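Structure, as structure tokens:
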Amino acid sequence: MHPISCVIVAGAAALLIALAPAEEERAAGEPSGLELSPLEAKFSESLKNVVFRGRWRMVDDGRLGEEKEDKYTISGAKKVAPGKWVLAARIEYGGKDVSVPIPLDVYFAGDTPVLSLTNAGIPGLGTYSARVIIHEGAYAGTWTGPGCGGFVTGIIEKVGAGKETAPAEKGRPQEDAKSKSPKD
């Protein structure tokens, strides 16, 4: 597979974590009838108007490739069924710029969201699998795509007036003194 295609796949995988078969999306403004737990509400709020900005690396024949930058803009996350979510995402990667709804499964390891995507077809990009965790304003995970795979890591920034600002909410239902860093 061409390296540019793998780059595009890596970017898509970082967002397309936990993809499950997409359900029909409801018309804008139509109530979904799904209740959010406090943890899910915090997760949903933490993904409103954010940018995942980081780096990815391919793994080729057991060797780590060079780090490259990636960027994914998320306008929101919507629960569509128990454990099933759709991210409204813009992926800018390897000269590509696509906006796609990304259906995914979201699990919680305690209070930590884990995004899981398994053999999901992403229009214009290919079929990908990924596992990504979100914790304390950062993300990290693994991905595989057509003939390639690797790692992704980065920070999650809130978007404000067209530019990134402070790191996003931490996606936790409650913050306590233990989660604060000395800089806070």
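Simple scheme: letters A, B, ... for chains in structure tokens order, numbers from 1 for residues in each chain, numbers from 1 for ligands in the order shown.
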Checklist entry - Which residues come within 6 Å of range 75-90 of chain A, counting only C-alpha atoms, excluding same-chain residues fewer than 6 positions away, as a list in words? => result Ser44, Leu47, Lys48, Asn49, Val98, Ser99, Val100, Pro101, Ile102, Pro103, Leu104, Asp105 and Val106 of chain A
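Each of A:Gly154, A:Pro123, A:Gly95, A:Pro38 was checked against Arg57 in chain A using only C-alpha atoms; the smallest atom-to-atom distance is that of A:Gly154.
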Run DSSP on the backbone and give me the residues of range 19-170 of chain A it puts in helix (DSSP H, G or I), as a compact mmCIF listing (two decimals) with C-alpha atoms, in the first residue's frame.
```
# COMPACT_ATOMS: atom_id res chain seq x y z
CA PRO A 38 -23.48 11.21 33.99
CA LEU A 39 -20.28 9.58 32.65
CA GLU A 40 -21.64 9.51 29.08
CA ALA A 41 -22.82 13.12 29.35
CA LYS A 42 -19.35 14.20 30.47
CA PHE A 43 -17.80 12.21 27.59
CA SER A 44 -20.18 13.79 25.06
CA GLU A 45 -19.50 17.29 26.39
CA SER A 46 -15.74 16.70 26.30
```
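Minimum atom-to-atom distances from A:Leu36, A:Val114, A:Val159, A:Met58 to Trp143 in chain A were compared using only C-alpha atoms, and the lowest value belongs to A:Met58.
Rounded to one decimal, CA of Ile155 in chain A and CA of Ile122 in chain A lie 23.2 Å from each other.
Rounded to one decimal, CA of Gly160 in chain A and CA of Val51 in chain A lie 10.5 Å from each other.
Among A:Val59, A:Leu34, A:Leu125, A:Ala130, the residue with the shortest atom-to-atom distance to Tyr93 in chain A, counting only C-alpha atoms, is A:Leu125.
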Item to check | Within 6 Å of Gly54 in chain A using only C-alpha atoms, minus same-chain residues under 4 positions, as a count of residues only | outcome: 4
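Taking CA of Gly149 in chain A as the reference point, CA of Gly94 in chain A is found at 15.2 Å.
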